[in-house]
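Next comes query-v4.cif, with mmCIF, C-alpha atoms, pLDDT in the B column; chains and numbers go by the auth columns.
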```cif
data_query
loop_
_atom_site.group_PDB
_atom_site.id
_atom_site.type_symbol
_atom_site.label_atom_id
_atom_site.label_comp_id
_atom_site.label_asym_id
_atom_site.label_seq_id
_atom_site.Cartn_x
_atom_site.Cartn_y
_atom_site.Cartn_z
_atom_site.B_iso_or_equiv
_atom_site.auth_seq_id
_atom_site.auth_asym_id
ATOM 1 C CA MET A 1 -89.842 -57.389 1.415 48.00 1 Y
ATOM 2 C CA ASN A 2 -90.140 -55.634 -1.902 53.00 2 Y
ATOM 3 C CA ARG A 3 -93.940 -55.625 -1.527 51.00 3 Y
ATOM 4 C CA LEU A 4 -93.750 -54.208 2.013 52.00 4 Y
ATOM 5 C CA PHE A 5 -91.115 -51.519 1.631 53.00 5 Y
ATOM 6 C CA GLY A 6 -91.017 -51.170 -2.098 53.00 6 Y
ATOM 7 C CA ALA A 7 -88.102 -51.598 -4.398 55.00 7 Y
ATOM 8 C CA ALA A 8 -85.070 -49.355 -3.974 55.00 8 Y
ATOM 9 C CA LYS A 9 -84.945 -46.479 -6.379 59.00 9 Y
ATOM 10 C CA ALA A 10 -82.370 -46.805 -9.056 57.00 10 Y
ATOM 11 C CA GLN A 11 -79.490 -44.398 -8.692 60.00 11 Y
ATOM 12 C CA PRO A 12 -79.245 -41.935 -11.536 56.00 12 Y
ATOM 13 C CA LYS A 13 -76.413 -42.669 -13.870 60.00 13 Y
ATOM 14 C CA ALA A 14 -73.506 -40.310 -13.675 54.00 14 Y
ATOM 15 C CA SER A 15 -73.616 -37.986 -16.622 63.00 15 Y
ATOM 16 C CA GLY A 16 -70.596 -36.737 -18.468 64.00 16 Y
ATOM 17 C CA PRO A 17 -68.988 -33.381 -17.914 76.00 17 Y
ATOM 18 C CA ALA A 18 -71.250 -30.397 -18.397 76.00 18 Y
ATOM 19 C CA PRO A 19 -70.831 -28.633 -21.730 76.00 19 Y
ATOM 20 C CA SER A 20 -68.883 -25.429 -21.659 81.00 20 Y
ATOM 21 C CA LEU A 21 -70.322 -22.062 -22.575 81.00 21 Y
ATOM 22 C CA THR A 22 -68.242 -22.103 -25.749 82.00 22 Y
ATOM 23 C CA ASP A 23 -69.774 -25.439 -26.765 83.00 23 Y
ATOM 24 C CA ALA A 24 -73.266 -24.149 -26.055 84.00 24 Y
ATOM 25 C CA SER A 25 -72.671 -20.993 -28.079 84.00 25 Y
ATOM 26 C CA GLY A 26 -71.333 -23.066 -30.979 85.00 26 Y
ATOM 27 C CA ARG A 27 -74.396 -25.301 -31.020 88.00 27 Y
ATOM 28 C CA ILE A 28 -76.638 -22.250 -30.924 89.00 28 Y
ATOM 29 C CA ASP A 29 -74.817 -20.797 -33.931 89.00 29 Y
ATOM 30 C CA SER A 30 -75.377 -24.032 -35.798 91.00 30 Y
ATOM 31 C CA ARG A 31 -79.072 -24.026 -34.896 91.00 31 Y
ATOM 32 C CA VAL A 32 -79.473 -20.408 -35.996 92.00 32 Y
ATOM 33 C CA SER A 33 -77.843 -21.225 -39.330 93.00 33 Y
ATOM 34 C CA ASP A 34 -80.284 -24.108 -39.854 94.00 34 Y
ATOM 35 C CA LEU A 35 -83.242 -21.854 -39.092 94.00 35 Y
ATOM 36 C CA ASP A 36 -81.961 -19.209 -41.523 94.00 36 Y
ATOM 37 C CA VAL A 37 -81.820 -21.850 -44.248 94.00 37 Y
ATOM 38 C CA LYS A 38 -85.380 -22.920 -43.479 93.00 38 Y
ATOM 39 C CA ILE A 39 -86.599 -19.314 -43.481 93.00 39 Y
ATOM 40 C CA GLN A 40 -84.989 -18.707 -46.861 94.00 40 Y
ATOM 41 C CA LYS A 41 -86.645 -21.880 -48.201 92.00 41 Y
ATOM 42 C CA CYS A 42 -90.013 -20.672 -46.916 92.00 42 Y
ATOM 43 C CA ASP A 43 -89.549 -17.371 -48.763 91.00 43 Y
ATOM 44 C CA ALA A 44 -88.788 -19.267 -51.952 91.00 44 Y
ATOM 45 C CA ASP A 45 -91.835 -21.532 -51.497 89.00 45 Y
ATOM 46 C CA ILE A 46 -94.126 -18.586 -50.842 88.00 46 Y
ATOM 47 C CA ARG A 47 -92.997 -16.876 -54.035 88.00 47 Y
ATOM 48 C CA ARG A 48 -93.375 -20.086 -55.970 87.00 48 Y
ATOM 49 C CA TYR A 49 -96.915 -20.679 -54.681 84.00 49 Y
ATOM 50 C CA MET A 50 -97.924 -17.126 -55.473 83.00 50 Y
ATOM 51 C CA THR A 51 -96.512 -17.219 -58.994 83.00 51 Y
ATOM 52 C CA THR A 52 -97.831 -20.623 -60.089 79.00 52 Y
ATOM 53 C CA GLY A 53 -101.496 -19.730 -59.744 70.00 53 Y
ATOM 54 C CA SER A 54 -104.166 -17.780 -57.901 69.00 54 Y
ATOM 55 C CA GLY A 55 -106.347 -20.626 -56.774 77.00 55 Y
ATOM 56 C CA SER A 56 -107.470 -21.283 -53.228 82.00 56 Y
ATOM 57 C CA GLN A 57 -105.117 -24.235 -52.907 85.00 57 Y
ATOM 58 C CA GLN A 58 -102.080 -22.150 -53.841 84.00 58 Y
ATOM 59 C CA LYS A 59 -103.160 -19.452 -51.428 84.00 59 Y
ATOM 60 C CA GLN A 60 -103.627 -22.018 -48.651 88.00 60 Y
ATOM 61 C CA LEU A 61 -100.145 -23.437 -49.273 87.00 61 Y
ATOM 62 C CA ALA A 62 -98.657 -19.951 -49.252 88.00 62 Y
ATOM 63 C CA MET A 63 -100.429 -19.093 -45.981 89.00 63 Y
ATOM 64 C CA GLN A 64 -99.212 -22.305 -44.315 91.00 64 Y
ATOM 65 C CA THR A 65 -95.684 -21.564 -45.487 91.00 65 Y
ATOM 66 C CA MET A 66 -95.926 -18.042 -44.061 92.00 66 Y
ATOM 67 C CA LYS A 67 -97.003 -19.483 -40.703 93.00 67 Y
ATOM 68 C CA ARG A 68 -94.080 -21.928 -40.783 91.00 68 Y
ATOM 69 C CA LYS A 69 -91.706 -19.076 -41.624 92.00 69 Y
ATOM 70 C CA LYS A 70 -93.075 -17.029 -38.712 93.00 70 Y
ATOM 71 C CA MET A 71 -92.525 -19.984 -36.381 94.00 71 Y
ATOM 72 C CA TYR A 72 -88.927 -20.349 -37.573 93.00 72 Y
ATOM 73 C CA GLU A 73 -88.332 -16.629 -37.085 93.00 73 Y
ATOM 74 C CA GLN A 74 -89.675 -16.750 -33.517 94.00 74 Y
ATOM 75 C CA GLN A 75 -87.459 -19.731 -32.719 93.00 75 Y
ATOM 76 C CA ARG A 76 -84.458 -17.935 -34.176 92.00 76 Y
ATOM 77 C CA ASP A 77 -85.167 -14.790 -32.134 93.00 77 Y
ATOM 78 C CA GLN A 78 -85.514 -16.819 -28.937 92.00 78 Y
ATOM 79 C CA ILE A 79 -82.305 -18.711 -29.628 91.00 79 Y
ATOM 80 C CA LEU A 80 -80.451 -15.477 -30.428 92.00 80 Y
ATOM 81 C CA ALA A 81 -81.634 -14.000 -27.107 91.00 81 Y
ATOM 82 C CA THR A 82 -80.371 -17.127 -25.342 90.00 82 Y
ATOM 83 C CA GLN A 83 -77.046 -16.888 -27.163 88.00 83 Y
ATOM 84 C CA PHE A 84 -76.699 -13.266 -26.060 90.00 84 Y
ATOM 85 C CA ASN A 85 -77.086 -14.329 -22.431 90.00 85 Y
ATOM 86 C CA ILE A 86 -74.595 -17.170 -22.911 89.00 86 Y
ATOM 87 C CA ASP A 87 -72.066 -14.830 -24.493 88.00 87 Y
ATOM 88 C CA MET A 88 -72.453 -12.389 -21.594 90.00 88 Y
ATOM 89 C CA LEU A 89 -71.956 -15.214 -19.111 89.00 89 Y
ATOM 90 C CA ALA A 90 -68.916 -16.463 -21.030 87.00 90 Y
ATOM 91 C CA GLY A 91 -67.426 -12.975 -20.938 89.00 91 Y
ATOM 92 C CA ALA A 92 -68.036 -12.727 -17.201 91.00 92 Y
ATOM 93 C CA GLN A 93 -66.478 -16.169 -16.704 88.00 93 Y
ATOM 94 C CA GLU A 94 -63.407 -15.189 -18.696 89.00 94 Y
ATOM 95 C CA GLN A 95 -63.102 -11.974 -16.699 92.00 95 Y
ATOM 96 C CA ALA A 96 -63.380 -13.958 -13.458 93.00 96 Y
ATOM 97 C CA GLU A 97 -60.597 -16.302 -14.619 91.00 97 Y
ATOM 98 C CA LEU A 98 -58.383 -13.353 -15.487 93.00 98 Y
ATOM 99 C CA THR A 99 -59.099 -11.761 -12.115 94.00 99 Y
ATOM 100 C CA ALA A 100 -58.307 -15.001 -10.269 94.00 100 Y
ATOM 101 C CA MET A 101 -55.065 -15.420 -12.224 94.00 101 Y
ATOM 102 C CA THR A 102 -54.095 -11.803 -11.483 94.00 102 Y
ATOM 103 C CA VAL A 103 -54.802 -12.203 -7.770 94.00 103 Y
ATOM 104 C CA GLU A 104 -52.776 -15.437 -7.670 93.00 104 Y
ATOM 105 C CA ALA A 105 -49.857 -13.807 -9.480 94.00 105 Y
ATOM 106 C CA MET A 106 -49.949 -10.791 -7.153 94.00 106 Y
ATOM 107 C CA GLY A 107 -50.014 -13.075 -4.130 92.00 107 Y
ATOM 108 C CA ALA A 108 -46.987 -15.006 -5.384 93.00 108 Y
ATOM 109 C CA GLY A 109 -45.173 -11.755 -6.160 93.00 109 Y
ATOM 110 C CA THR A 110 -45.912 -10.356 -2.705 92.00 110 Y
ATOM 111 C CA LYS A 111 -44.655 -13.542 -1.055 91.00 111 Y
ATOM 112 C CA ASP A 112 -41.440 -13.458 -3.081 91.00 112 Y
ATOM 113 C CA LEU A 113 -40.932 -9.783 -2.261 88.00 113 Y
ATOM 114 C CA ARG A 114 -41.328 -10.449 1.453 87.00 114 Y
ATOM 115 C CA GLN A 115 -38.761 -13.251 1.261 87.00 115 Y
ATOM 116 C CA ARG A 116 -36.306 -10.956 -0.482 85.00 116 Y
ATOM 117 C CA PHE A 117 -36.797 -8.233 2.102 80.00 117 Y
ATOM 118 C CA ALA A 118 -36.343 -10.795 4.873 80.00 118 Y
ATOM 119 C CA ALA A 119 -33.100 -11.938 3.247 81.00 119 Y
ATOM 120 C CA MET A 120 -31.862 -8.335 3.140 78.00 120 Y
ATOM 121 C CA GLY A 121 -32.598 -7.932 6.850 73.00 121 Y
ATOM 122 C CA GLY A 122 -34.813 -4.874 6.766 68.00 122 Y
ATOM 123 C CA ALA A 123 -34.119 -1.165 6.863 74.00 123 Y
ATOM 124 C CA VAL A 124 -32.359 -1.279 10.249 76.00 124 Y
ATOM 125 C CA ASP A 125 -29.803 -3.813 9.033 75.00 125 Y
ATOM 126 C CA ILE A 126 -29.232 -1.826 5.856 78.00 126 Y
ATOM 127 C CA GLU A 127 -28.551 1.328 7.889 81.00 127 Y
ATOM 128 C CA GLY A 128 -26.135 -0.627 10.080 81.00 128 Y
ATOM 129 C CA MET A 129 -24.328 -1.911 7.010 81.00 129 Y
ATOM 130 C CA MET A 130 -24.030 1.626 5.639 86.00 130 Y
ATOM 131 C CA ASP A 131 -22.618 2.813 8.991 86.00 131 Y
ATOM 132 C CA ASP A 132 -20.074 -0.017 8.933 87.00 132 Y
ATOM 133 C CA MET A 133 -19.054 0.976 5.415 89.00 133 Y
ATOM 134 C CA ALA A 134 -18.570 4.591 6.538 90.00 134 Y
ATOM 135 C CA ASP A 135 -16.424 3.433 9.473 88.00 135 Y
ATOM 136 C CA LEU A 136 -14.310 1.288 7.177 89.00 136 Y
ATOM 137 C CA HIS A 137 -13.868 4.234 4.837 88.00 137 Y
ATOM 138 C CA ASP A 138 -12.656 6.415 7.700 88.00 138 Y
ATOM 139 C CA GLU A 139 -10.242 3.723 8.846 87.00 139 Y
ATOM 140 C CA MET A 140 -8.858 3.323 5.340 89.00 140 Y
ATOM 141 C CA SER A 141 -8.350 7.095 5.105 87.00 141 Y
ATOM 142 C CA GLU A 142 -6.413 7.092 8.386 86.00 142 Y
ATOM 143 C CA ILE A 143 -4.304 4.143 7.206 87.00 143 Y
ATOM 144 C CA ASN A 144 -3.501 5.853 3.904 84.00 144 Y
ATOM 145 C CA GLU A 145 -2.619 9.065 5.721 82.00 145 Y
ATOM 146 C CA ALA A 146 -0.298 7.162 8.055 79.00 146 Y
ATOM 147 C CA LEU A 147 1.359 5.396 5.137 80.00 147 Y
ATOM 148 C CA ALA A 148 1.922 8.730 3.376 76.00 148 Y
ATOM 149 C CA THR A 149 3.775 10.224 6.357 69.00 149 Y
ATOM 150 C CA SER A 150 7.459 10.907 5.541 61.00 150 Y
ATOM 151 C CA TYR A 151 9.995 9.520 8.001 59.00 151 Y
ATOM 152 C CA THR A 152 13.120 10.290 5.927 59.00 152 Y
ATOM 153 C CA VAL A 153 14.029 13.546 7.757 55.00 153 Y
ATOM 154 C CA PRO A 154 16.415 12.803 10.601 55.00 154 Y
ATOM 155 C CA GLN A 155 15.323 13.632 14.099 58.00 155 Y
ATOM 156 C CA GLY A 156 16.058 17.179 15.162 58.00 156 Y
ATOM 157 C CA PHE A 157 15.425 18.803 11.786 61.00 157 Y
ATOM 158 C CA ASP A 158 12.697 21.401 11.631 69.00 158 Y
ATOM 159 C CA GLU A 159 10.545 21.199 8.537 71.00 159 Y
ATOM 160 C CA GLY A 160 9.411 24.792 9.081 77.00 160 Y
ATOM 161 C CA ALA A 161 12.997 26.052 8.975 77.00 161 Y
ATOM 162 C CA PHE A 162 13.547 24.359 5.644 74.00 162 Y
ATOM 163 C CA GLU A 163 10.377 25.872 4.269 81.00 163 Y
ATOM 164 C CA ALA A 164 11.465 29.382 5.379 83.00 164 Y
ATOM 165 C CA GLU A 165 14.934 28.939 3.896 83.00 165 Y
ATOM 166 C CA PHE A 166 13.440 27.732 0.601 80.00 166 Y
ATOM 167 C CA SER A 167 11.112 30.741 0.447 85.00 167 Y
ATOM 168 C CA ALA A 168 13.976 33.166 1.148 86.00 168 Y
ATOM 169 C CA LEU A 169 16.042 31.576 -1.605 85.00 169 Y
ATOM 170 C CA GLU A 170 13.193 31.924 -4.041 84.00 170 Y
ATOM 171 C CA GLU A 171 12.823 35.646 -3.215 88.00 171 Y
ATOM 172 C CA GLU A 172 16.560 36.193 -3.600 87.00 172 Y
ATOM 173 C CA MET A 173 16.644 34.529 -7.014 86.00 173 Y
ATOM 174 C CA ALA A 174 13.626 36.510 -8.164 87.00 174 Y
ATOM 175 C CA LEU A 175 15.239 39.764 -7.068 89.00 175 Y
ATOM 176 C CA GLU A 176 18.489 38.968 -8.875 87.00 176 Y
ATOM 177 C CA LYS A 177 16.586 38.175 -12.024 86.00 177 Y
ATOM 178 C CA LEU A 178 14.662 41.430 -11.725 86.00 178 Y
ATOM 179 C CA ILE A 179 17.713 43.727 -11.388 87.00 179 Y
ATOM 180 C CA GLY A 180 19.792 41.744 -13.871 75.00 180 Y
ATOM 181 C CA ALA A 181 22.520 41.074 -11.393 54.00 181 Y
ATOM 182 C CA GLY A 182 22.502 37.372 -11.453 48.00 182 Y
ATOM 183 C CA PRO A 183 25.399 35.445 -10.085 50.00 183 Y
ATOM 184 C CA ALA A 184 28.543 35.539 -12.229 48.00 184 Y
ATOM 185 C CA ALA A 185 29.165 32.568 -14.359 44.00 185 Y
ATOM 186 C CA SER A 186 31.297 30.173 -12.559 47.00 186 Y
ATOM 187 C CA ALA A 187 34.692 29.433 -13.970 48.00 187 Y
ATOM 188 C CA MET A 188 35.191 26.297 -15.888 51.00 188 Y
ATOM 189 C CA PRO A 189 35.922 23.423 -13.560 50.00 189 Y
ATOM 190 C CA ASP A 190 39.537 22.386 -13.280 55.00 190 Y
ATOM 191 C CA TYR A 191 38.832 18.972 -14.667 50.00 191 Y
ATOM 192 C CA LEU A 192 37.473 20.587 -17.877 50.00 192 Y
ATOM 193 C CA ALA A 193 40.412 23.071 -18.368 52.00 193 Y
ATOM 194 C CA ALA A 194 42.722 22.383 -21.251 53.00 194 Y
ATOM 195 C CA PRO A 195 46.198 21.218 -20.159 55.00 195 Y
ATOM 196 C CA PRO A 196 48.991 23.831 -20.581 54.00 196 Y
ATOM 197 C CA ALA A 197 50.779 23.680 -23.893 52.00 197 Y
ATOM 198 C CA ALA A 198 54.178 22.050 -23.610 49.00 198 Y
ATOM 199 C CA THR A 199 57.058 24.391 -24.569 47.00 199 Y
ATOM 200 C CA ALA A 200 59.256 22.886 -27.191 46.00 200 Y
ATOM 201 C CA ALA A 201 62.851 22.467 -26.026 46.00 201 Y
ATOM 202 C CA THR A 202 65.217 24.800 -27.910 47.00 202 Y
ATOM 203 C CA PRO A 203 68.143 22.750 -29.050 49.00 203 Y
ATOM 204 C CA ALA A 204 71.512 24.160 -28.114 46.00 204 Y
ATOM 205 C CA ALA A 205 73.284 25.834 -30.895 44.00 205 Y
ATOM 206 C CA ALA A 206 75.934 23.466 -31.960 45.00 206 Y
ATOM 207 C CA GLY A 207 79.280 24.877 -32.601 47.00 207 Y
ATOM 208 C CA PRO A 208 80.980 24.453 -35.917 48.00 208 Y
ATOM 209 C CA ALA A 209 82.166 20.992 -36.367 47.00 209 Y
ATOM 210 C CA SER A 210 85.795 20.608 -35.960 44.00 210 Y
ATOM 211 C CA SER A 211 87.608 19.648 -38.939 39.00 211 Y
#
```

What do you get writing this file as structure tokens?
Amino acid sequence: MNRLFGAAKAQPKASGPAPSLTDASGRIDSRVSDLDVKIQKCDADIRRYMTTGSGSQQKQLAMQTMKRKKMYEQQRDQILATQFNIDMLAGAQEQAELTAMTVEAMGAGTKDLRQRFAAMGGAVDIEGMMDDMADLHDEMSEINEALATSYTVPQGFDEGAFEAEFSALEEEMALEKLIGAGPAASAMPDYLAAPPAATAATPAAAGPASS
């Protein structure tokens, strides 16, 4: 059967989780640092070759080192361009996460606000509640007014007559005060008058005693 249909293809092994953009940027930084070290070493080698002699062999070594340095520089520039793209993508990803979080928070806030408005009953119910409060206030005012009514005046007495009499008395007292003819001071009450002084009894003149 294997010769007729061929062997089944092996399933690719499941790979681990894909590296994040932060991990990729970190590895690129490490690679760029390594290339910088190599470029600096090439500069040192070139100077060393050029200072140790002027022969063809020294020149050839210096030229090869220059080519190697140029290769390292090109690799570094390519990697830096890649890192720039990764950093831009990481920034866009972070912005997308912030946007998604903001939208989710706004959705939850809107849902909560709708529930609160539903619990309050809406504008119509609020207006009805305010009308009920106004009616209760009016009823309380009427109750307080009824409680403040005076029922101590016996039936048949005219409040207006008492008011007129009080006003006339006020005018009379003001007029007396103005002309200086106020009412005479009342006499001292009887119960405050001093009792009459008792007259001492005059003893009868005794005649001369008989001898």

Inset, instruction - Do a neighbour search on range 24-33 of chain Y at 7 Å with only C-alpha atoms, toss out local chain neighbours closer than 5 positions, and write the hits as a PyMOL selection string. - result: chain Y and resi 19+76+79+83+86

Inset, instruction - For CA of Ala161 in chain Y and CA of Glu145 in chain Y, determine how far apart the two atoms are, in Å to one decimal place. - result: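 Distance between the two atoms: 23.3 Å.
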
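Here CA of Asp23 in chain Y stands at a distance of 16.5 Å from CA of Ala81 in chain Y.
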
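Separating CA of Lys69 in chain Y from CA of Cys42 in chain Y is a distance of 5.8 Å.
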
Inset, instruction - Mind checking which residues fall within 12 Å of Gln64 in chain Y, counting only C-alpha atoms, ignoring those fewer than 5 positions away in the same chain, and posting them as a PyMOL selection string? - result: chain Y and resi 42-43+45-46+49+57-59+69-71

Inset, instruction - Tell me which protein, DNA and RNA residues are within 12 Å of Ala44 in chain Y, counting all atoms listed in the file, leaving out same-chain ones fewer than 6 positions away, and put them as an NGL selection string. - result: :Y and (37-38 or 50-51 or 62 or 65-66 or 69)

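Residue nearest Gln40 in chain Y within the list Y:Leu175, Y:Asp87, Y:Arg68, Y:Ala100: Y:Arg68 [criterion: smallest interatomic distance, all atoms listed in the file].
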
If I wrap all listed atoms of range 92-98 of chain Y in a box with edges along x, y and z and add 5 Å on each side, what are its centre and edge lengths in Å to one decimal, as lines of an AutoDock Vina configuration file?
```
center_x = -63.2
center_y = -14.1
center_z = -16.1
size_x = 19.7
size_y = 14.3
size_z = 15.2
```

Legend entry - Distance criterion (only C-alpha atoms): nearest to Asp77 in chain Y out of Y:Asp36, Y:Glu176, Y:Asp135, Y:Glu159: Y:Asp36
